[in-house]
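Q: If it helps, the file is called target10.txt and holds compact mmCIF, C-alpha atoms and all ligand atoms:
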# COMPACT_ATOMS: atom_id res chain seq x y z
CA MET A 1 54.40 -22.05 5.18
CA GLU A 2 55.06 -20.79 1.66
CA HIS A 3 53.95 -17.15 1.55
CA ASN A 4 51.77 -17.87 -1.49
CA MET A 5 49.79 -20.38 0.54
CA ILE A 6 48.94 -18.06 3.43
CA LEU A 7 45.32 -16.95 3.46
CA SER A 8 44.38 -13.28 3.70
CA THR A 9 44.60 -11.50 7.03
CA ALA A 10 40.89 -10.71 6.76
CA ALA A 11 40.02 -14.39 6.47
CA GLN A 12 42.38 -15.46 9.22
CA ASN A 13 41.16 -12.80 11.63
CA ALA A 14 37.45 -13.27 10.91
CA LEU A 15 35.68 -14.19 14.13
CA PRO A 16 33.53 -17.34 14.15
CA SER A 17 29.87 -16.63 14.84
CA GLY A 18 28.87 -17.12 18.48
CA VAL A 19 25.26 -17.53 17.36
CA ARG A 20 26.09 -20.35 14.94
CA ARG A 21 28.17 -22.02 17.64
CA MET A 22 25.09 -22.38 19.85
CA PHE A 23 23.08 -23.46 16.82
CA GLU A 24 25.59 -26.30 16.26
CA LEU A 25 25.67 -27.30 19.96
CA ALA A 26 21.88 -27.58 19.86
CA LYS A 27 22.15 -30.45 17.39
CA ASN A 28 23.11 -32.67 20.35
CA TYR A 29 19.60 -32.28 21.78
CA PRO A 30 16.78 -33.79 19.70
CA ASP A 31 14.11 -31.90 21.68
CA ALA A 32 15.95 -28.57 21.49
CA ILE A 33 13.92 -25.37 21.13
CA ASN A 34 16.08 -23.13 19.02
CA LEU A 35 15.65 -19.41 19.61
CA THR A 36 19.00 -18.31 18.18
CA LEU A 37 18.82 -17.25 14.54
CA GLY A 38 17.07 -14.04 13.48
CA GLU A 39 14.75 -15.89 11.15
CA PRO A 40 11.02 -15.16 10.82
CA GLY A 41 8.94 -18.10 11.99
CA PHE A 42 6.62 -17.69 8.97
CA THR A 43 7.14 -19.00 5.48
CA THR A 44 7.13 -16.41 2.71
CA PRO A 45 3.56 -15.42 1.70
CA GLU A 46 2.35 -17.55 -1.20
CA HIS A 47 1.67 -14.65 -3.62
CA ILE A 48 5.29 -13.48 -3.23
CA ILE A 49 6.57 -16.99 -3.96
CA GLU A 50 4.27 -17.08 -7.03
CA ALA A 51 5.81 -13.86 -8.33
CA ALA A 52 9.27 -15.45 -8.21
CA ILE A 53 8.01 -18.61 -9.91
CA ASN A 54 6.32 -16.57 -12.63
CA GLY A 55 9.60 -14.75 -13.17
CA LEU A 56 11.38 -18.04 -13.75
CA ARG A 57 8.59 -19.28 -16.06
CA ASP A 58 8.88 -16.04 -18.01
CA LYS A 59 12.58 -16.88 -18.46
CA LYS A 60 13.81 -13.95 -16.40
CA THR A 61 17.08 -15.78 -16.03
CA LYS A 62 19.65 -13.27 -17.22
CA TYR A 63 21.74 -10.55 -15.57
CA THR A 64 19.77 -7.43 -14.80
CA PRO A 65 21.11 -3.86 -14.73
CA ASN A 66 23.59 -3.53 -11.83
CA ALA A 67 21.28 -1.14 -10.01
CA GLY A 68 18.35 -3.57 -10.27
CA ILE A 69 15.32 -3.80 -12.56
CA LYS A 70 13.46 -0.57 -13.21
CA GLU A 71 10.20 -2.04 -11.93
CA LEU A 72 11.71 -2.72 -8.51
CA ARG A 73 13.52 0.61 -8.28
CA ASP A 74 10.26 2.37 -9.10
CA ALA A 75 8.44 0.38 -6.43
CA ILE A 76 11.11 1.10 -3.80
CA ALA A 77 11.17 4.81 -4.64
CA TYR A 78 7.38 4.90 -4.30
CA LYS A 79 7.59 3.10 -0.93
CA LEU A 80 10.35 5.38 0.38
CA ARG A 81 8.41 8.49 -0.57
CA LYS A 82 5.10 7.26 0.79
CA GLU A 83 6.18 5.49 3.98
CA ASN A 84 9.51 7.05 4.92
CA GLY A 85 9.23 10.58 3.59
CA ILE A 86 12.46 10.14 1.63
CA ALA A 87 12.70 11.87 -1.75
CA CYS A 88 14.22 9.28 -4.03
CA ASP A 89 14.78 9.27 -7.80
CA PRO A 90 14.62 5.60 -8.86
CA ASP A 91 17.14 6.19 -11.63
CA LYS A 92 19.69 8.05 -9.55
CA ASN A 93 19.38 7.26 -5.87
CA LEU A 94 18.86 3.50 -5.67
CA ILE A 95 20.72 0.25 -5.99
CA VAL A 96 19.24 -3.20 -5.37
CA THR A 97 21.55 -5.45 -3.32
CA ALA A 98 21.75 -9.09 -2.25
CA GLY A 99 20.05 -8.42 1.08
CA ALA A 100 21.10 -5.74 3.53
CA THR A 101 24.19 -7.83 4.28
CA GLN A 102 25.70 -7.16 0.87
CA GLY A 103 24.27 -3.64 0.91
CA LEU A 104 26.23 -2.93 4.07
CA MET A 105 29.42 -4.53 2.78
CA LEU A 106 29.08 -2.59 -0.45
CA ALA A 107 28.47 0.69 1.37
CA ILE A 108 31.38 0.14 3.76
CA ALA A 109 33.71 -0.77 0.88
CA THR A 110 32.59 2.36 -0.96
CA LEU A 111 32.94 4.80 1.96
CA VAL A 112 35.68 3.50 4.21
CA ASP A 113 39.44 3.14 3.76
CA LYS A 114 42.06 1.23 5.71
CA GLY A 115 42.69 2.94 9.06
CA ASP A 116 39.40 4.85 9.12
CA GLU A 117 37.16 4.54 12.15
CA VAL A 118 33.54 3.40 12.05
CA ILE A 119 31.25 3.93 15.02
CA ILE A 120 28.65 1.25 15.62
CA GLN A 121 26.41 0.40 18.52
CA GLY A 122 27.68 -2.01 21.15
CA PRO A 123 26.21 -4.62 21.44
CA ASN A 124 25.85 -4.93 17.70
CA TRP A 125 24.87 -7.21 14.85
CA PRO A 126 28.21 -9.07 14.49
CA ASP A 127 28.47 -8.68 10.71
CA TYR A 128 29.11 -4.93 11.06
CA ARG A 129 32.36 -5.70 12.84
CA GLY A 130 33.24 -8.48 10.35
CA GLN A 131 32.68 -6.16 7.40
CA ILE A 132 34.62 -3.26 8.92
CA ASP A 133 37.50 -5.67 9.54
CA MET A 134 37.38 -6.74 5.88
CA VAL A 135 38.36 -3.24 4.76
CA ASN A 136 41.00 -2.98 7.52
CA ALA A 137 39.18 -0.17 9.28
CA LYS A 138 38.69 0.17 13.02
CA THR A 139 35.43 -0.53 14.84
CA VAL A 140 34.57 1.89 17.62
CA TYR A 141 31.75 0.77 19.89
CA ALA A 142 29.17 3.21 21.20
CA LYS A 143 28.05 1.32 24.26
CA VAL A 144 24.31 1.52 24.79
CA ASP A 145 22.73 1.33 28.20
CA GLU A 146 19.85 -0.86 29.24
CA HIS A 147 18.72 1.97 31.55
CA ASN A 148 18.33 4.20 28.51
CA ASP A 149 16.36 1.58 26.57
CA PHE A 150 19.54 0.53 24.70
CA LYS A 151 19.47 3.72 22.64
CA MET A 152 22.48 4.82 20.61
CA THR A 153 21.95 8.54 21.09
CA ALA A 154 23.99 11.51 19.90
CA ASP A 155 25.54 12.06 23.32
CA VAL A 156 26.85 8.46 23.35
CA ILE A 157 28.27 8.90 19.84
CA GLU A 158 29.82 12.38 20.02
CA PRO A 159 32.70 11.69 22.47
CA LEU A 160 33.85 8.87 20.18
CA ILE A 161 34.27 11.06 17.10
CA THR A 162 37.89 11.68 16.07
CA ASP A 163 39.47 13.04 12.90
CA LYS A 164 39.59 9.44 11.67
CA THR A 165 35.84 8.84 12.02
CA LYS A 166 34.47 8.20 8.56
CA LEU A 167 31.18 6.50 9.17
CA ILE A 168 28.52 5.95 11.82
CA ILE A 169 26.05 3.08 11.54
CA ILE A 170 22.71 3.33 13.31
CA ASN A 171 20.25 0.48 13.49
CA SER A 172 16.72 1.13 14.68
CA PRO A 173 14.97 -1.16 15.51
CA SER A 174 18.10 -2.87 16.68
CA ASN A 175 19.50 -6.34 16.52
CA PRO A 176 20.25 -7.65 19.18
CA THR A 177 18.51 -5.36 21.70
CA GLY A 178 15.17 -4.54 20.04
CA GLY A 179 15.84 -0.91 21.01
CA VAL A 180 14.52 1.92 18.84
CA LEU A 181 15.39 5.56 18.23
CA ASP A 182 12.69 8.20 18.60
CA TRP A 183 12.35 11.12 16.21
CA GLU A 184 14.02 13.47 18.74
CA ASP A 185 17.00 11.08 18.92
CA LEU A 186 17.28 11.11 15.12
CA LEU A 187 17.14 14.91 15.00
CA LYS A 188 20.08 15.14 17.41
CA ILE A 189 22.05 12.56 15.44
CA ALA A 190 21.35 14.59 12.28
CA GLU A 191 22.86 17.70 13.92
CA LEU A 192 25.93 15.71 14.90
CA VAL A 193 26.43 14.36 11.40
CA LYS A 194 26.14 17.83 9.86
CA LYS A 195 28.45 19.38 12.44
CA HIS A 196 31.21 16.78 11.99
CA LYS A 197 30.54 15.99 8.31
CA ILE A 198 30.52 12.22 8.63
CA PHE A 199 28.74 9.60 6.53
CA ILE A 200 26.00 7.70 8.27
CA ILE A 201 24.25 4.46 7.40
CA SER A 202 20.76 3.92 8.71
CA ASP A 203 20.26 0.16 8.63
CA GLU A 204 16.50 -0.38 8.76
CA PRO A 205 15.60 -4.01 8.00
CA TYR A 206 13.32 -4.24 11.05
CA GLU A 207 11.49 -0.98 10.32
CA LYS A 208 8.01 -2.53 10.22
CA LEU A 209 8.49 -4.79 13.21
CA VAL A 210 7.49 -2.23 15.84
CA TYR A 211 5.06 -2.36 18.74
CA ASP A 212 3.17 -0.35 21.36
CA GLY A 213 2.30 2.27 18.75
CA PHE A 214 5.94 3.21 18.18
CA GLU A 215 6.26 5.25 15.00
CA GLN A 216 9.41 4.26 13.12
CA ARG A 217 10.96 7.17 11.20
CA SER A 218 13.93 7.33 8.84
CA LEU A 219 16.97 9.52 9.41
CA ALA A 220 17.04 10.38 5.70
CA ALA A 221 13.67 12.10 6.01
CA ILE A 222 15.40 14.93 7.84
CA PRO A 223 16.13 17.74 5.37
CA GLY A 224 19.74 18.64 4.66
CA LEU A 225 21.17 15.16 5.16
CA GLU A 226 21.22 14.14 1.48
CA ASP A 227 25.02 14.14 1.28
CA TYR A 228 25.52 12.10 4.43
CA VAL A 229 22.90 9.36 4.82
CA LEU A 230 22.68 5.98 3.15
CA THR A 231 19.42 4.22 3.96
CA ILE A 232 19.82 0.46 3.82
CA ASN A 233 16.87 -1.87 3.93
CA SER A 234 15.84 -5.38 3.02
CA PHE A 235 12.85 -7.61 2.36
CA SER A 236 14.22 -10.39 4.59
CA LYS A 237 12.71 -9.77 8.00
CA THR A 238 9.62 -7.75 7.12
CA PHE A 239 8.19 -10.12 4.51
CA ALA A 240 9.78 -13.38 5.76
CA MET A 241 12.01 -13.45 2.68
CA THR A 242 15.46 -14.11 4.18
CA GLY A 243 16.35 -16.64 1.48
CA PHE A 244 15.39 -14.36 -1.41
CA ARG A 245 18.39 -12.13 -0.74
CA VAL A 246 16.95 -8.80 -1.82
CA GLY A 247 17.74 -5.46 -0.24
CA TYR A 248 18.59 -1.93 -1.33
CA ILE A 249 20.50 1.24 -0.65
CA CYS A 250 19.14 4.73 -1.14
CA ALA A 251 21.78 7.46 -1.24
CA ASN A 252 22.83 10.52 -3.20
CA GLU A 253 23.62 10.18 -6.89
CA HIS A 254 27.39 10.45 -6.53
CA ILE A 255 27.50 7.70 -3.89
CA VAL A 256 25.16 5.45 -5.90
CA GLU A 257 27.34 5.78 -9.03
CA ASN A 258 30.26 4.51 -6.98
CA LEU A 259 28.25 1.80 -5.25
CA ILE A 260 27.32 0.49 -8.68
CA LYS A 261 30.98 0.13 -9.71
CA LEU A 262 31.85 -2.02 -6.70
CA HIS A 263 28.53 -3.90 -6.88
CA GLU A 264 29.53 -5.03 -10.39
CA ASN A 265 32.67 -6.54 -8.84
CA MET A 266 30.79 -8.23 -5.99
CA VAL A 267 27.58 -9.74 -7.35
CA ALA A 268 26.85 -7.91 -10.63
CA SER A 269 23.10 -8.15 -10.05
CA VAL A 270 20.44 -9.80 -7.92
CA PRO A 271 18.47 -12.65 -9.58
CA GLU A 272 15.52 -11.17 -11.46
CA PRO A 273 12.81 -13.57 -10.16
CA MET A 274 13.73 -12.48 -6.63
CA GLN A 275 13.53 -8.83 -7.62
CA LEU A 276 10.05 -9.47 -9.08
CA ALA A 277 9.02 -11.10 -5.80
CA ALA A 278 10.16 -7.94 -4.00
CA VAL A 279 7.97 -5.81 -6.30
CA GLU A 280 5.02 -8.01 -5.34
CA ALA A 281 5.89 -7.64 -1.64
CA ILE A 282 5.90 -3.85 -1.85
CA HIS A 283 2.59 -3.61 -3.68
CA HIS A 284 0.62 -6.42 -2.04
CA GLY A 285 2.48 -7.56 1.09
CA ASP A 286 1.34 -5.10 3.74
CA GLY A 287 -1.54 -7.28 4.93
CA ASP A 288 0.86 -10.19 5.51
CA VAL A 289 3.23 -7.95 7.44
CA ALA A 290 0.44 -6.67 9.68
CA GLU A 291 -0.52 -10.24 10.57
CA MET A 292 3.05 -11.26 11.28
CA VAL A 293 3.66 -8.21 13.45
CA LYS A 294 0.52 -8.98 15.44
CA TYR A 295 1.80 -12.49 16.02
CA TYR A 296 5.29 -11.32 17.03
CA ASP A 297 3.77 -8.81 19.40
CA ARG A 298 1.91 -11.56 21.23
CA ASN A 299 5.14 -13.57 21.46
CA ARG A 300 6.97 -10.50 22.70
CA ARG A 301 4.61 -9.95 25.59
CA LEU A 302 4.66 -13.65 26.46
CA ILE A 303 8.45 -13.83 26.60
CA VAL A 304 9.04 -10.56 28.46
CA ASP A 305 6.48 -11.40 31.15
CA GLY A 306 7.71 -14.99 31.36
CA LEU A 307 11.41 -14.12 31.67
CA ASN A 308 10.78 -11.46 34.29
CA ARG A 309 9.15 -14.11 36.48
CA ILE A 310 12.10 -16.52 36.27
CA ASN A 311 15.11 -16.37 38.61
CA GLY A 312 18.25 -14.92 37.05
CA PHE A 313 16.56 -12.87 34.29
CA SER A 314 15.65 -9.22 34.04
CA CYS A 315 14.17 -8.23 30.69
CA LEU A 316 13.26 -4.88 29.15
CA CYS A 317 10.22 -4.80 26.90
CA PRO A 318 11.65 -3.83 23.50
CA ARG A 319 9.63 -1.71 21.06
CA GLY A 320 11.08 -3.19 17.87
CA ALA A 321 12.56 -6.14 15.91
CA PHE A 322 11.91 -9.68 17.20
CA TYR A 323 14.55 -10.05 19.86
CA VAL A 324 14.72 -9.67 23.60
CA PHE A 325 18.05 -9.04 25.26
CA PRO A 326 17.59 -9.95 28.91
CA ASN A 327 20.16 -9.16 31.57
CA VAL A 328 21.40 -12.49 32.94
CA THR A 329 23.98 -11.29 35.46
CA GLY A 330 21.64 -12.78 38.09
CA PHE A 331 23.08 -16.18 37.16
CA GLY A 332 26.55 -15.11 38.34
CA MET A 333 28.26 -16.50 35.22
CA SER A 334 29.54 -15.18 31.89
CA SER A 335 26.94 -14.84 29.15
CA ARG A 336 28.45 -17.76 27.29
CA GLU A 337 28.26 -19.93 30.41
CA VAL A 338 24.66 -18.86 30.96
CA ALA A 339 23.67 -19.77 27.38
CA GLU A 340 25.35 -23.17 27.75
CA TYR A 341 23.80 -23.70 31.18
CA ILE A 342 20.32 -22.93 29.83
CA LEU A 343 20.92 -25.32 26.94
CA GLU A 344 22.13 -28.09 29.21
CA LYS A 345 19.33 -27.73 31.78
CA THR A 346 16.39 -26.97 29.49
CA HIS A 347 17.45 -27.72 25.89
CA VAL A 348 16.45 -24.15 25.02
CA VAL A 349 18.98 -22.59 22.67
CA THR A 350 19.80 -18.91 23.06
CA SER A 351 22.70 -16.71 21.92
CA PRO A 352 25.26 -15.44 24.44
CA GLY A 353 25.53 -11.65 24.56
CA ASP A 354 29.26 -11.73 23.84
CA ALA A 355 28.41 -13.00 20.33
CA PHE A 356 27.31 -9.39 19.75
CA GLY A 357 30.58 -7.79 20.75
CA PRO A 358 32.17 -7.02 24.10
CA ASP A 359 29.27 -4.82 25.22
CA GLY A 360 26.89 -7.79 25.04
CA GLU A 361 28.49 -9.43 28.07
CA GLY A 362 25.95 -9.90 30.85
CA TYR A 363 23.06 -10.53 28.45
CA ILE A 364 21.68 -13.21 26.16
CA ARG A 365 19.67 -12.74 22.97
CA ILE A 366 16.46 -14.62 22.37
CA CYS A 367 14.66 -14.43 19.03
CA TYR A 368 10.90 -14.64 19.58
CA ALA A 369 9.89 -14.92 15.93
CA SER A 370 9.13 -18.64 16.26
CA LYS A 371 5.83 -20.29 17.15
CA TYR A 372 3.94 -19.06 20.24
CA GLU A 373 3.64 -22.61 21.60
CA GLN A 374 7.40 -23.11 21.33
CA ILE A 375 8.08 -19.98 23.33
CA LYS A 376 5.55 -21.04 25.92
CA GLU A 377 7.24 -24.41 26.21
CA ALA A 378 10.71 -22.79 26.41
CA LEU A 379 9.51 -20.58 29.27
CA ALA A 380 7.89 -23.53 31.07
CA ARG A 381 11.16 -25.48 30.87
CA MET A 382 13.17 -22.53 32.21
CA GLU A 383 10.67 -21.91 34.98
CA ARG A 384 10.97 -25.55 36.05
CA ALA A 385 14.76 -25.48 35.92
CA PHE A 386 15.48 -22.12 37.59
CA GLY A 387 12.37 -21.41 39.66
CA THR A 388 10.38 -18.21 39.91
CA LYS A 389 10.99 -14.99 41.84
C1 LIG B 1 20.73 -5.34 11.89
C2 LIG B 1 20.75 -6.18 10.66
N1 LIG B 1 21.11 -5.64 9.51
C3 LIG B 1 21.14 -6.36 8.38
C4 LIG B 1 20.82 -7.70 8.37
C5 LIG B 1 20.92 -8.43 7.08
O1 LIG B 1 19.76 -8.97 6.61
P1 LIG B 1 19.60 -9.45 5.10
O2 LIG B 1 20.97 -9.57 4.52
O3 LIG B 1 18.92 -10.78 5.18
O4 LIG B 1 18.82 -8.42 4.42
C6 LIG B 1 20.47 -8.33 9.57
C7 LIG B 1 20.19 -9.77 9.61
O5 LIG B 1 20.11 -10.40 10.62
C8 LIG B 1 20.42 -7.55 10.74
O6 LIG B 1 20.06 -8.09 11.90
Translate this file's structure into structure tokens.
A:
Amino acid sequence: MEHNMILSTAAQNALPSGVRRMFELAKNYPDAINLTLGEPGFTTPEHIIEAAINGLRDKKTKYTPNAGIKELRDAIAYKLRKENGIACDPDKNLIVTAGATQGLMLAIATLVDKGDEVIIQGPNWPDYRGQIDMVNAKTVYAKVDEHNDFKMTADVIEPLITDKTKLIIINSPSNPTGGVLDWEDLLKIAELVKKHKIFIISDEPYEKLVYDGFEQRSLAAIPGLEDYVLTINSFSKTFAMTGFRVGYICANEHIVENLIKLHENMVASVPEPMQLAAVEAIHHGDGDVAEMVKYYDRNRRLIVDGLNRINGFSCLCPRGAFYVFPNVTGFGMSSREVAEYILEKTHVVTSPGDAFGPDGEGYIRICYASKYEQIKEALARMERAFGTK
């Protein structure tokens, strides 16, 4: 082929999504129960939708400052101080992004060069790997262990650090495992980061989806980490606002100045009506979140108890996010075969663990953010198909 017509290496090497693949296969089954995508089962609260509509009516249809509208930066800074204990100057330490997805891509593009190494959890949210590949850096997986509640702790990370390590990404609560990091775990990670002088992203979009009294804390609340930590968050999961595409990064002033330059090249700014909806979510959305979390918690207990009764599954009870990541080695097949087998026998759609990197083999991911009755029906179908212990 003519050289000019060859697509970029990044595009050619990009891995197709193993989650989407199952999603597509499910279309062959009209009665499928789809538990693949990490999508809240609720629609966005009405008052948040109203705020976006009002923004459009008020003709907020232009570009905004690259860093986001002042009103939203003020609201985020207030939230970070109050809820996360993070000192944050809205004019210096914040940038509003198109969801955490673009926030992460922007941060990686700003921090990481070709050939650098980035340590992420394995199994991991697949986009981390895709984004690291896009800047021609190397992904290094810190394999987490089910027997240690899937925690990416300092002692798992430290042996992987080399002179090429530029960035560590932590994600608590985690997609796909639902695992969380306790305050003691964060303190040890903070020591590691200071000792080796490495940037660290704390990706926290599931921060409010926590259960059993778990107290979610932010790495950036630990003093002395200002030069190292970028806190990335989003309105998507917490407020059921995935389609609004609003997130943010909080980091030191020097990093934010550089984020803003690349952000201009990527998206310029996030639509203003969506930013206004995010302001509404911060100031008046907590009641909605509490209700949703209560609902997810009920689903969580239903699915964990249900799966642990069924032959082939062994499932930890996660303390965060809205996923379970059961061990399915009891089926004696690869995770992809198990997901396809479950689909074929029960029309329940799950994601194979290998869609979350090589360390996901032996597991499947189930999102329990959908309706309680659907989960009940999915469990009943699996119980009929595979029998109970
Ligand atoms: C761990 C993690 N980080 C970031 C995101 C991105 O979310 P959004 O771009 O909708 O804010 C997701 C979405 O699934 C996720 O699971």
Q: Taking all atoms listed in the file into account, name the residue in A:Trp125, A:Phe313, A:Phe199, A:Tyr296 that is nearest to ligand LIG 1 (chain B).
A: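 Using all atoms listed in the file, ligand LIG 1 (chain B) sits closest to A:Trp125.
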Q: Which residues sit within 7 Å of ligand LIG 1 (chain B), counting all atoms listed in the file, listed as a list in words?
A: Gly38, Ala98, Gly99, Ala100, Thr101, Gln102, Trp125, Asn171, Ser174, Asn175, Asp203, Pro205, Asn233, Ser234, Phe235, Ser236, Lys237, Thr242, Arg245, Val246 and Gly247 of chain A
Q: Please determine, counting only C-alpha atoms, which residue among A:Lys143, A:His3, A:Arg81, A:Arg21 has the shortest atom-to-atom distance to A:Gly357.
A: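 Smallest distance to A:Gly357 is found for A:Lys143.
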Q: Using all atoms listed in the file, which protein or nucleic acid residues come within 9 Å of stretch 62-66 of chain A? Drop anything in the same chain fewer than 4 positions from it, and give the result as a list in words.
A: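 Residues meeting the cut-off are Lys70, Ile95, Val96, Thr97, Ile260, Lys261, His263, Glu264, Val267, Ala268, Ser269, Val270, Pro271 and Glu272 of chain A.
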Q: Taking all atoms listed in the file into account, which of A:Val256, A:Leu37, A:Ala220, A:Leu209 comes nearest A:Val293?
A: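 Once distances to A:Val293 are computed over all atoms listed in the file, the minimum belongs to A:Leu209.
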Q: I'd like to know which of A:Glu253, A:Glu117, A:Asp127, A:Glu291 is closest to A:Lys92, using only C-alpha atoms.
A: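 Among A:Glu253, A:Glu117, A:Asp127, A:Glu291, it is A:Glu253 that comes nearest to A:Lys92.
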Q: Write out as lines of an AutoDock Vina configuration file an axis-aligned box for stretch 291-308 of chain A: all of its atoms listed in the file, 4 Å added on each side, centre and edge lengths in Å with one decimal.
A:
center_x = 5.4
center_y = -11.6
center_z = 22.4
size_x = 19.9
size_y = 14.8
size_z = 31.7
Q: Select, from A:Asn252, A:Asn327, A:Asn148, A:Thr388, the residue with the minimum atom-to-atom distance to A:Asn311, counting only C-alpha atoms.
A: A:Thr388
Q: May I have the residues within 6 Å of stretch 176-187 of chain A as a list of chain:residue names, using all atoms listed in the file and disregarding those fewer than 4 positions away in the same chain?
A: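 Returned residues: A:Phe150, A:Thr153, A:Ser172, A:Leu219, A:Pro318, A:Gly320, A:Ala321, A:Tyr323, A:Phe325.
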Q: Return the single residue from A:Asp145, A:Asp305, A:Asp288, A:Asp354 that is closest to A:Phe42, with distances computed using all atoms listed in the file.
A: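 Of all the options, A:Asp288 lies closest to A:Phe42.
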Q: Please measure the separation of atom CA of A:Leu106 and atom CA of A:Asn124, giving the value in Å to one decimal.
A: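 These two atoms are separated by 18.6 Å.
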Q: Which residues are near A:His284? Cut-off 10 Å, only C-alpha atoms, ignore same chain within fewer than 6 positions. Put them as a list of chain:residue names.
A: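 Final neighbour list, sorted by chain and number: A:His47, A:Ile48, A:Ala278.
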